[in-house]
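Student: PDB, C-alpha atoms, saved as final_3.pdb, coming up:
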ATOM      1  CA  MET R   1       6.942  15.620  23.449  1.00  0.00           C
ATOM      2  CA  LYS R   2       3.789  14.602  21.650  1.00  0.00           C
ATOM      3  CA  GLN R   3       2.676  12.479  18.735  1.00  0.00           C
ATOM      4  CA  LYS R   4       2.731  14.167  15.344  1.00  0.00           C
ATOM      5  CA  GLU R   5      -0.639  14.764  13.760  1.00  0.00           C
ATOM      6  CA  GLY R   6      -1.835  12.019  11.444  1.00  0.00           C
ATOM      7  CA  PHE R   7      -0.017   8.995  12.879  1.00  0.00           C
ATOM      8  CA  VAL R   8      -2.476   6.432  14.185  1.00  0.00           C
ATOM      9  CA  LEU R   9      -2.322   2.892  15.513  1.00  0.00           C
ATOM     10  CA  ARG R  10      -4.118   0.306  13.403  1.00  0.00           C
ATOM     11  CA  THR R  11      -4.294  -3.453  13.141  1.00  0.00           C
ATOM     12  CA  VAL R  12      -3.162  -4.688   9.746  1.00  0.00           C
ATOM     13  CA  CYS R  13      -2.944  -8.433   9.099  1.00  0.00           C
ATOM     14  CA  GLY R  14      -3.142  -9.044  12.824  1.00  0.00           C
ATOM     15  CA  GLU R  15      -0.178  -6.789  13.558  1.00  0.00           C
ATOM     16  CA  HIS R  16      -0.194  -3.488  15.429  1.00  0.00           C
ATOM     17  CA  VAL R  17       1.118  -0.887  13.045  1.00  0.00           C
ATOM     18  CA  ILE R  18       1.497   2.864  13.128  1.00  0.00           C
ATOM     19  CA  VAL R  19       0.381   4.387   9.872  1.00  0.00           C
ATOM     20  CA  GLY R  20       0.726   7.939   8.693  1.00  0.00           C
ATOM     21  CA  GLU R  21      -2.773   8.986   7.675  1.00  0.00           C
ATOM     22  CA  GLY R  22      -2.001  12.677   7.585  1.00  0.00           C
ATOM     23  CA  LEU R  23      -2.810  13.032   3.909  1.00  0.00           C
ATOM     24  CA  GLY R  24      -5.443  10.309   4.036  1.00  0.00           C
ATOM     25  CA  THR R  25      -2.959   7.829   2.576  1.00  0.00           C
ATOM     26  CA  ILE R  26      -1.630   4.666   4.135  1.00  0.00           C
ATOM     27  CA  ASP R  27       1.647   3.474   2.653  1.00  0.00           C
ATOM     28  CA  PHE R  28       1.874  -0.319   2.907  1.00  0.00           C
ATOM     29  CA  GLY R  29       5.529  -0.041   1.993  1.00  0.00           C
ATOM     30  CA  LYS R  30       6.216   1.979   5.148  1.00  0.00           C
ATOM     31  CA  LEU R  31       4.313   0.350   7.980  1.00  0.00           C
ATOM     32  CA  ILE R  32       5.854   0.572  11.444  1.00  0.00           C
ATOM     33  CA  SER R  33       5.089  -2.658  13.263  1.00  0.00           C
ATOM     34  CA  LEU R  34       4.855  -2.765  17.075  1.00  0.00           C
ATOM     35  CA  ASN R  35       4.663  -5.482  19.701  1.00  0.00           C
ATOM     36  CA  GLU R  36       1.855  -5.408  22.307  1.00  0.00           C
ATOM     37  CA  THR R  37       3.761  -3.309  24.828  1.00  0.00           C
ATOM     38  CA  ALA R  38       4.961  -0.790  22.249  1.00  0.00           C
ATOM     39  CA  ALA R  39       1.423  -0.504  20.875  1.00  0.00           C
ATOM     40  CA  TRP R  40       0.142   0.133  24.417  1.00  0.00           C
ATOM     41  CA  MET R  41       2.833   2.777  24.923  1.00  0.00           C
ATOM     42  CA  TRP R  42       1.873   4.530  21.705  1.00  0.00           C
ATOM     43  CA  GLU R  43      -1.786   4.607  22.714  1.00  0.00           C
ATOM     44  CA  LYS R  44      -0.890   5.850  26.201  1.00  0.00           C
ATOM     45  CA  ALA R  45       1.313   8.576  24.757  1.00  0.00           C
ATOM     46  CA  GLY R  46      -1.621   9.622  22.592  1.00  0.00           C
ATOM     47  CA  GLU R  47      -3.922   9.786  25.632  1.00  0.00           C
ATOM     48  CA  MET R  48      -1.394  11.892  27.526  1.00  0.00           C
ATOM     49  CA  GLY R  49      -1.003  14.400  24.720  1.00  0.00           C
ATOM     50  CA  ASP R  50       2.167  15.999  26.051  1.00  0.00           C
ATOM     51  CA  PHE R  51       4.435  13.364  27.564  1.00  0.00           C
ATOM     52  CA  ASP R  52       8.037  12.770  28.538  1.00  0.00           C
ATOM     53  CA  ILE R  53      10.103   9.685  29.300  1.00  0.00           C
ATOM     54  CA  ASP R  54       9.409   9.878  33.048  1.00  0.00           C
ATOM     55  CA  SER R  55       5.635  10.167  32.739  1.00  0.00           C
ATOM     56  CA  LEU R  56       5.482   7.334  30.183  1.00  0.00           C
ATOM     57  CA  THR R  57       7.726   5.205  32.399  1.00  0.00           C
ATOM     58  CA  ALA R  58       5.420   5.792  35.369  1.00  0.00           C
ATOM     59  CA  ALA R  59       2.404   4.774  33.297  1.00  0.00           C
ATOM     60  CA  LEU R  60       4.200   1.658  32.061  1.00  0.00           C
ATOM     61  CA  CYS R  61       5.091   0.617  35.638  1.00  0.00           C
ATOM     62  CA  GLU R  62       1.469   1.120  36.684  1.00  0.00           C
ATOM     63  CA  GLU R  63       0.158  -1.052  33.880  1.00  0.00           C
ATOM     64  CA  TYR R  64       2.775  -3.801  33.857  1.00  0.00           C
ATOM     65  CA  GLU R  65       4.789  -5.423  36.650  1.00  0.00           C
ATOM     66  CA  VAL R  66       8.206  -4.238  35.552  1.00  0.00           C
ATOM     67  CA  ASP R  67      11.357  -3.047  37.237  1.00  0.00           C
ATOM     68  CA  ALA R  68      11.384   0.770  37.223  1.00  0.00           C
ATOM     69  CA  GLN R  69      14.911   1.062  35.762  1.00  0.00           C
ATOM     70  CA  GLN R  70      14.161  -1.522  33.077  1.00  0.00           C
ATOM     71  CA  ALA R  71      10.955   0.330  32.235  1.00  0.00           C
ATOM     72  CA  HIS R  72      12.831   3.635  31.982  1.00  0.00           C
ATOM     73  CA  ASP R  73      15.450   2.110  29.688  1.00  0.00           C
ATOM     74  CA  ASP R  74      12.789   0.541  27.469  1.00  0.00           C
ATOM     75  CA  VAL R  75      10.780   3.754  27.240  1.00  0.00           C
ATOM     76  CA  GLU R  76      13.910   5.757  26.451  1.00  0.00           C
ATOM     77  CA  LYS R  77      14.771   3.324  23.636  1.00  0.00           C
ATOM     78  CA  MET R  78      11.237   3.366  22.250  1.00  0.00           C
ATOM     79  CA  VAL R  79      10.975   7.162  22.322  1.00  0.00           C
ATOM     80  CA  ALA R  80      14.348   7.451  20.594  1.00  0.00           C
ATOM     81  CA  GLN R  81      13.034   5.169  17.821  1.00  0.00           C
ATOM     82  CA  TRP R  82       9.887   7.260  17.455  1.00  0.00           C
ATOM     83  CA  GLN R  83      12.019  10.391  17.172  1.00  0.00           C
ATOM     84  CA  GLU R  84      14.252   8.768  14.598  1.00  0.00           C
ATOM     85  CA  ILE R  85      11.283   7.663  12.497  1.00  0.00           C
ATOM     86  CA  GLY R  86       9.811  11.132  12.855  1.00  0.00           C
ATOM     87  CA  ILE R  87       6.438  10.333  14.390  1.00  0.00           C
ATOM     88  CA  ILE R  88       6.756  12.487  17.510  1.00  0.00           C
ATOM     89  CA  GLU R  89       7.722  16.106  18.024  1.00  0.00           C
TER      90      GLU R  89
ATOM     91  CA  MET W   1       5.166 -17.805  17.402  1.00  0.00           C
ATOM     92  CA  THR W   2       4.783 -15.061  14.823  1.00  0.00           C
ATOM     93  CA  THR W   3       3.311 -16.067  11.477  1.00  0.00           C
ATOM     94  CA  THR W   4       3.893 -14.032   8.352  1.00  0.00           C
ATOM     95  CA  PRO W   5       0.618 -12.985   6.729  1.00  0.00           C
ATOM     96  CA  SER W   6       0.014 -14.323   3.234  1.00  0.00           C
ATOM     97  CA  ASP W   7      -0.121 -12.015   0.207  1.00  0.00           C
ATOM     98  CA  GLU W   8      -3.870 -12.495   0.129  1.00  0.00           C
ATOM     99  CA  GLU W   9      -4.241 -11.460   3.778  1.00  0.00           C
ATOM    100  CA  ILE W  10      -2.153  -8.346   3.176  1.00  0.00           C
ATOM    101  CA  ILE W  11      -4.217  -7.450   0.122  1.00  0.00           C
ATOM    102  CA  GLN W  12      -7.434  -7.967   2.055  1.00  0.00           C
ATOM    103  CA  SER W  13      -6.168  -5.633   4.779  1.00  0.00           C
ATOM    104  CA  ALA W  14      -5.479  -3.015   2.143  1.00  0.00           C
ATOM    105  CA  ILE W  15      -8.946  -3.511   0.640  1.00  0.00           C
ATOM    106  CA  LYS W  16     -10.567  -3.074   4.054  1.00  0.00           C
ATOM    107  CA  LEU W  17      -8.821   0.280   4.467  1.00  0.00           C
ATOM    108  CA  VAL W  18      -9.821   1.347   0.955  1.00  0.00           C
ATOM    109  CA  GLN W  19     -13.416   0.476   1.770  1.00  0.00           C
ATOM    110  CA  GLU W  20     -13.158   2.796   4.781  1.00  0.00           C
ATOM    111  CA  GLY W  21     -12.416   5.584   2.348  1.00  0.00           C
ATOM    112  CA  LEU W  22      -8.662   5.730   2.856  1.00  0.00           C
ATOM    113  CA  ARG W  23      -6.120   5.855   0.074  1.00  0.00           C
ATOM    114  CA  VAL W  24      -3.592   3.037   0.277  1.00  0.00           C
ATOM    115  CA  THR W  25      -0.178   2.997  -1.350  1.00  0.00           C
ATOM    116  CA  PHE W  26       0.407  -0.648  -2.178  1.00  0.00           C
ATOM    117  CA  PRO W  27       3.545  -2.251  -3.632  1.00  0.00           C
ATOM    118  CA  VAL W  28       2.933  -4.386  -6.702  1.00  0.00           C
ATOM    119  CA  LYS W  29       4.804  -7.483  -7.806  1.00  0.00           C
ATOM    120  CA  GLY W  30       5.673  -8.889 -11.190  1.00  0.00           C
ATOM    121  CA  TYR W  31       5.952  -7.459 -14.677  1.00  0.00           C
ATOM    122  CA  SER W  32       2.394  -7.922 -15.877  1.00  0.00           C
ATOM    123  CA  MET W  33       1.753  -4.181 -16.002  1.00  0.00           C
ATOM    124  CA  LEU W  34       4.861  -3.102 -17.877  1.00  0.00           C
ATOM    125  CA  PRO W  35       5.594  -0.531 -19.129  1.00  0.00           C
ATOM    126  CA  PHE W  36       3.236   1.570 -17.046  1.00  0.00           C
ATOM    127  CA  ILE W  37       3.839   0.005 -13.634  1.00  0.00           C
ATOM    128  CA  ILE W  38       7.103  -1.711 -12.743  1.00  0.00           C
ATOM    129  CA  GLY W  39       6.439  -4.492 -10.271  1.00  0.00           C
ATOM    130  CA  SER W  40       8.770  -5.059  -7.321  1.00  0.00           C
ATOM    131  CA  LYS W  41       9.951  -1.434  -7.672  1.00  0.00           C
ATOM    132  CA  GLU W  42       6.851   0.742  -7.910  1.00  0.00           C
ATOM    133  CA  SER W  43       3.603   0.935  -5.955  1.00  0.00           C
ATOM    134  CA  VAL W  44       0.107   2.098  -6.794  1.00  0.00           C
ATOM    135  CA  ASP W  45      -2.271   4.377  -4.894  1.00  0.00           C
ATOM    136  CA  LEU W  46      -5.563   2.558  -4.413  1.00  0.00           C
ATOM    137  CA  VAL W  47      -8.935   4.157  -3.740  1.00  0.00           C
ATOM    138  CA  LYS W  48     -12.566   3.025  -3.681  1.00  0.00           C
ATOM    139  CA  PRO W  49     -13.634   1.800  -7.118  1.00  0.00           C
ATOM    140  CA  GLU W  50     -16.266   4.170  -8.492  1.00  0.00           C
ATOM    141  CA  ASN W  51     -17.381   5.043 -12.021  1.00  0.00           C
ATOM    142  CA  LEU W  52     -15.212   2.314 -13.492  1.00  0.00           C
ATOM    143  CA  GLN W  53     -14.341   2.646 -17.163  1.00  0.00           C
ATOM    144  CA  VAL W  54     -12.382   0.807 -19.803  1.00  0.00           C
ATOM    145  CA  GLY W  55      -8.783   1.860 -19.352  1.00  0.00           C
ATOM    146  CA  HIS W  56      -8.875   1.965 -15.569  1.00  0.00           C
ATOM    147  CA  VAL W  57      -6.239  -0.012 -13.671  1.00  0.00           C
ATOM    148  CA  VAL W  58      -7.884  -1.933 -10.855  1.00  0.00           C
ATOM    149  CA  LEU W  59      -7.224  -4.432  -8.080  1.00  0.00           C
ATOM    150  CA  ALA W  60      -9.667  -7.247  -8.693  1.00  0.00           C
ATOM    151  CA  TRP W  61     -10.435 -10.804  -7.589  1.00  0.00           C
ATOM    152  CA  VAL W  62     -10.394 -12.681 -10.887  1.00  0.00           C
ATOM    153  CA  GLU W  63     -11.439 -16.126 -12.066  1.00  0.00           C
ATOM    154  CA  GLY W  64     -12.636 -16.704  -8.514  1.00  0.00           C
ATOM    155  CA  CYS W  65      -9.154 -17.526  -7.347  1.00  0.00           C
ATOM    156  CA  ARG W  66      -6.604 -14.666  -7.224  1.00  0.00           C
ATOM    157  CA  TYR W  67      -6.021 -10.934  -7.018  1.00  0.00           C
ATOM    158  CA  VAL W  68      -4.484  -8.993  -9.871  1.00  0.00           C
ATOM    159  CA  VAL W  69      -3.713  -5.345 -10.591  1.00  0.00           C
ATOM    160  CA  HIS W  70      -4.576  -5.110 -14.296  1.00  0.00           C
ATOM    161  CA  ARG W  71      -6.272  -2.791 -16.768  1.00  0.00           C
ATOM    162  CA  ILE W  72      -9.966  -3.026 -17.679  1.00  0.00           C
ATOM    163  CA  ILE W  73     -10.277  -3.701 -21.397  1.00  0.00           C
ATOM    164  CA  GLU W  74     -14.001  -4.395 -21.560  1.00  0.00           C
ATOM    165  CA  ILE W  75     -17.133  -3.914 -19.450  1.00  0.00           C
ATOM    166  CA  ASN W  76     -20.392  -5.666 -20.436  1.00  0.00           C
ATOM    167  CA  GLY W  77     -23.068  -5.035 -17.890  1.00  0.00           C
ATOM    168  CA  ASP W  78     -21.550  -6.366 -14.687  1.00  0.00           C
ATOM    169  CA  GLN W  79     -18.964  -8.501 -16.496  1.00  0.00           C
ATOM    170  CA  VAL W  80     -15.442  -7.102 -16.537  1.00  0.00           C
ATOM    171  CA  VAL W  81     -12.533  -8.247 -18.678  1.00  0.00           C
ATOM    172  CA  LEU W  82      -9.006  -7.334 -17.656  1.00  0.00           C
ATOM    173  CA  MET W  83      -5.570  -7.670 -19.155  1.00  0.00           C
ATOM    174  CA  GLY W  84      -2.094  -6.873 -17.898  1.00  0.00           C
ATOM    175  CA  ASP W  85      -0.338  -4.217 -19.966  1.00  0.00           C
ATOM    176  CA  GLY W  86       2.774  -6.369 -19.902  1.00  0.00           C
ATOM    177  CA  ASN W  87       0.980  -9.492 -21.095  1.00  0.00           C
ATOM    178  CA  ILE W  88       0.920 -10.452 -24.731  1.00  0.00           C
ATOM    179  CA  ALA W  89      -2.026 -12.827 -24.434  1.00  0.00           C
ATOM    180  CA  GLY W  90      -4.534 -13.937 -21.844  1.00  0.00           C
ATOM    181  CA  VAL W  91      -7.289 -12.005 -20.162  1.00  0.00           C
ATOM    182  CA  GLU W  92      -9.021 -12.324 -16.824  1.00  0.00           C
ATOM    183  CA  HIS W  93     -12.697 -12.122 -15.996  1.00  0.00           C
ATOM    184  CA  CYS W  94     -14.568 -10.918 -12.967  1.00  0.00           C
ATOM    185  CA  LEU W  95     -17.755  -9.155 -11.945  1.00  0.00           C
ATOM    186  CA  LEU W  96     -17.952  -5.460 -11.153  1.00  0.00           C
ATOM    187  CA  ASN W  97     -18.416  -6.414  -7.500  1.00  0.00           C
ATOM    188  CA  ASP W  98     -15.084  -8.236  -7.578  1.00  0.00           C
ATOM    189  CA  VAL W  99     -13.237  -5.042  -8.362  1.00  0.00           C
ATOM    190  CA  ALA W 100     -11.831  -4.136  -4.958  1.00  0.00           C
ATOM    191  CA  ALA W 101      -9.975  -0.907  -5.680  1.00  0.00           C
ATOM    192  CA  LEU W 102      -9.107   1.578  -8.386  1.00  0.00           C
ATOM    193  CA  ALA W 103      -5.461   2.513  -8.919  1.00  0.00           C
ATOM    194  CA  ILE W 104      -5.087   6.234  -9.465  1.00  0.00           C
ATOM    195  CA  ASN W 105      -1.335   6.830  -9.240  1.00  0.00           C
ATOM    196  CA  VAL W 106       1.855   4.939  -9.825  1.00  0.00           C
ATOM    197  CA  VAL W 107       4.381   5.644  -7.060  1.00  0.00           C
ATOM    198  CA  THR W 108       8.124   5.503  -7.699  1.00  0.00           C
ATOM    199  CA  PRO W 109      10.626   4.119  -5.155  1.00  0.00           C
ATOM    200  CA  LYS W 110      11.536   7.728  -4.336  1.00  0.00           C
ATOM    201  CA  GLY W 111       7.933   8.453  -3.415  1.00  0.00           C
ATOM    202  CA  LYS W 112       6.827  10.468  -6.443  1.00  0.00           C
ATOM    203  CA  HIS W 113       3.155   9.967  -7.266  1.00  0.00           C
ATOM    204  CA  HIS W 114       2.314  10.064 -10.994  1.00  0.00           C
ATOM    205  CA  PRO W 115      -1.372  10.081 -12.047  1.00  0.00           C
ATOM    206  CA  LEU W 116      -2.286   7.027 -14.125  1.00  0.00           C
ATOM    207  CA  TYR W 117      -4.918   8.919 -16.095  1.00  0.00           C
ATOM    208  CA  SER W 118      -3.090  12.068 -17.147  1.00  0.00           C
ATOM    209  CA  PRO W 119      -3.810  12.956 -20.788  1.00  0.00           C
ATOM    210  CA  TRP W 120      -0.467  11.637 -22.048  1.00  0.00           C
ATOM    211  CA  ARG W 121      -0.715   8.374 -20.089  1.00  0.00           C
ATOM    212  CA  ILE W 122      -4.222   7.796 -21.431  1.00  0.00           C
ATOM    213  CA  ARG W 123      -2.956   8.383 -24.974  1.00  0.00           C
ATOM    214  CA  ALA W 124       0.039   6.128 -24.310  1.00  0.00           C
ATOM    215  CA  SER W 125      -2.134   3.310 -22.939  1.00  0.00           C
ATOM    216  CA  ARG W 126      -4.422   3.504 -25.987  1.00  0.00           C
ATOM    217  CA  LEU W 127      -1.433   3.383 -28.316  1.00  0.00           C
ATOM    218  CA  TRP W 128      -0.041   0.495 -26.270  1.00  0.00           C
ATOM    219  CA  TRP W 129      -3.306  -1.394 -26.775  1.00  0.00           C
ATOM    220  CA  ARG W 130      -2.999  -0.956 -30.543  1.00  0.00           C
ATOM    221  CA  LEU W 131       0.574  -2.256 -30.373  1.00  0.00           C
ATOM    222  CA  LEU W 132      -0.608  -5.560 -28.865  1.00  0.00           C
ATOM    223  CA  PRO W 133       0.492  -7.608 -31.933  1.00  0.00           C
ATOM    224  CA  ILE W 134       4.094  -6.468 -31.471  1.00  0.00           C
ATOM    225  CA  ARG W 135       4.168  -6.033 -27.672  1.00  0.00           C
ATOM    226  CA  ARG W 136       6.378  -9.082 -27.253  1.00  0.00           C
ATOM    227  CA  TRP W 137       9.288  -7.488 -29.099  1.00  0.00           C
ATOM    228  CA  ILE W 138       8.855  -4.023 -27.660  1.00  0.00           C
ATOM    229  CA  LEU W 139       8.803  -5.448 -24.126  1.00  0.00           C
ATOM    230  CA  ALA W 140      11.856  -7.609 -24.823  1.00  0.00           C
ATOM    231  CA  ILE W 141      13.808  -4.534 -25.878  1.00  0.00           C
ATOM    232  CA  TYR W 142      12.323  -2.462 -23.035  1.00  0.00           C
ATOM    233  CA  ARG W 143      13.358  -4.976 -20.367  1.00  0.00           C
ATOM    234  CA  ARG W 144      16.899  -5.211 -21.705  1.00  0.00           C
ATOM    235  CA  THR W 145      17.408  -1.467 -22.045  1.00  0.00           C
ATOM    236  CA  TRP W 146      15.207   1.170 -20.420  1.00  0.00           C
ATOM    237  CA  LEU W 147      14.185  -0.959 -17.431  1.00  0.00           C
ATOM    238  CA  LYS W 148      17.780  -1.861 -16.591  1.00  0.00           C
ATOM    239  CA  TRP W 149      18.860   1.753 -16.862  1.00  0.00           C
ATOM    240  CA  ARG W 150      15.947   3.108 -14.870  1.00  0.00           C
ATOM    241  CA  TYR W 151      16.163   0.719 -11.926  1.00  0.00           C
TER     242      TYR W 151
END
Represent the supplied structure as structure tokens.
Tutor:
Amino acid sequence: MKQKEGFVLRTVCGEHVIVGEGLGTIDFGKLISLNETAAWMWEKAGEMGDFDIDSLTAALCEEYEVDAQQAHDDVEKMVAQWQEIGIIE
Amino acid sequence: MTTTPSDEEIIQSAIKLVQEGLRVTFPVKGYSMLPFIIGSKESVDLVKPENLQVGHVVLAWVEGCRYVVHRIIEINGDQVVLMGDGNIAGVEHCLLNDVAALAINVVTPKGKHHPLYSPWRIRASRLWWRLLPIRRWILAIYRRTWLKWRY
């Protein structure tokens, strides 16, 4: 899996948001807001290029002190959301 | 504790992105730009304000106290006068430097982008300006009929 071209993480009004800048347009009616951990995960996924749930889980466990199973469940949920929104392929 | 940003903070975030050269699709509120932009339903595409002219719809900081998305009706040097298409009286004043963004498209709830300065919209806006003395009645009928049907 990898992030679709044109979706970037920005700070808007103090919130982490993913915006689709593919056509050079940011739609304020369709901002995807993230908490700190989700924003970190998005950035990490971007750094990895190609990623999967296991590799992102491993990175999350390295960065934060979390239970491995909990981390896996959280990553799985997050990735499912990204797929549903259509920002990864 | 999470705080909700104010309208002004949200607008300023949009302006910052426009200043970076990005195009921002921004929802608009209110009925002050009827019939050309329907607030609370439609959005506008905002870009950097360049080569401003009478007739342009802009996001501007007016009277030193609030942001509006209204049409330029007069430019005198660096003095700009604006008026909402849906208003029957009252204008706002600002300086050219207070114009934060130029609206180039109106965007429908379904995501269709319609240019604000197509030849027919320019003709329509000029006709609308001439109809100012009877706007009140046209808008009253418009709000009770076409607007209800459309959205």
Student: Name the residues captured by the ChimeraX specification (/W :<7) & /R when it is applied to the shown file; answer as a short mmCIF file (atom, residue, chain, number, x, y, z; two decimals) with C-alpha atoms, in the frame of the given file.
Tutor:
data_model
loop_
_atom_site.label_atom_id
_atom_site.label_comp_id
_atom_site.auth_asym_id
_atom_site.auth_seq_id
_atom_site.Cartn_x
_atom_site.Cartn_y
_atom_site.Cartn_z
CA VAL R 12 -3.16 -4.69 9.75
CA CYS R 13 -2.94 -8.43 9.10
CA GLY R 24 -5.44 10.31 4.04
CA THR R 25 -2.96 7.83 2.58
CA ILE R 26 -1.63 4.67 4.14
CA ASP R 27 1.65 3.47 2.65
CA PHE R 28 1.87 -0.32 2.91
CA GLY R 29 5.53 -0.04 1.99
#
Student: Between W:Val99, W:Val28, W:Ala124, W:Leu34, single out the one closest to Ile138 of chain W, counting only C-alpha atoms.
Tutor: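 Closest residue, counting only C-alpha atoms: W:Leu34.
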Student: Expanded to explicit residues, what is the PyMOL selection byres ((chain W and resi 84) around 9) for this file, as an mmCIF file with C-alpha atoms, keeping the file's coordinate frame?
Tutor:
data_model
loop_
_atom_site.group_PDB
_atom_site.id
_atom_site.type_symbol
_atom_site.label_atom_id
_atom_site.label_comp_id
_atom_site.auth_asym_id
_atom_site.auth_seq_id
_atom_site.Cartn_x
_atom_site.Cartn_y
_atom_site.Cartn_z
ATOM 1 C CA TYR W 31 5.952 -7.459 -14.677
ATOM 2 C CA SER W 32 2.394 -7.922 -15.877
ATOM 3 C CA MET W 33 1.753 -4.181 -16.002
ATOM 4 C CA LEU W 34 4.861 -3.102 -17.877
ATOM 5 C CA VAL W 68 -4.484 -8.993 -9.871
ATOM 6 C CA VAL W 69 -3.713 -5.345 -10.591
ATOM 7 C CA HIS W 70 -4.576 -5.110 -14.296
ATOM 8 C CA ARG W 71 -6.272 -2.791 -16.768
ATOM 9 C CA ILE W 72 -9.966 -3.026 -17.679
ATOM 10 C CA LEU W 82 -9.006 -7.334 -17.656
ATOM 11 C CA MET W 83 -5.570 -7.670 -19.155
ATOM 12 C CA ASP W 85 -0.338 -4.217 -19.966
ATOM 13 C CA GLY W 86 2.774 -6.369 -19.902
ATOM 14 C CA ASN W 87 0.980 -9.492 -21.095
ATOM 15 C CA ILE W 88 0.920 -10.452 -24.731
ATOM 16 C CA ALA W 89 -2.026 -12.827 -24.434
ATOM 17 C CA GLY W 90 -4.534 -13.937 -21.844
ATOM 18 C CA VAL W 91 -7.289 -12.005 -20.162
ATOM 19 C CA GLU W 92 -9.021 -12.324 -16.824
#
Student: If the PyMOL selection byres ((chain R and resi 15-17) around 10) were run on this exact file, what residues would it hold? Put them as a PyMOL selection string.
Tutor: (chain R and resi 7-14+18-20+30-36+38-40) or (chain W and resi 2+4-5)
Student: For segment 61-63 of chain R, please output as an MDAnalysis selection string all residues within 12 Å (counting all atoms listed in the file; exclusion window: fewer than 4 positions along the same chain).
Tutor: chainID R and resid 37 40:41 44 54:57 67:72 74:75
Student: Applying 9 Å and all atoms listed in the file, which residues near Val79 of chain R remain after dropping the ones on its own chain fewer than 5 positions away? List them as a ChimeraX atom specification.
Tutor: /R:52-53,74,84,88
Student: Could you state the separation of atom CA of Gln81 of chain R and atom CA of Glu65 of chain R in Å, given to one decimal place?
Tutor: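 Separation of atom CA of Gln81 of chain R and atom CA of Glu65 of chain R: 23.1 Å.
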Student: Just to confirm, what's the straight-line distance from atom CA of Leu116 of chain W to atom CA of Ile141 of chain W in Å (one decimal)?
Tutor: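 Distance reported for this atom pair: 23.0 Å.
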Student: Quick one: distance from atom CA of Gly49 of chain R to atom CA of Lys2 of chain R in Å, one decimal?
Tutor: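 Between atom CA of Gly49 of chain R and atom CA of Lys2 of chain R the gap works out to 5.7 Å.
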Student: List as a ChimeraX atom specification the protein and nucleic acid residues near Tyr142 of chain W, meaning an atom at most 12 Å away when only C-alpha atoms are counted, but skip any in the same chain fewer than 4 places from it.
Tutor: /W:31,34-36,38,86,135-138,146-150
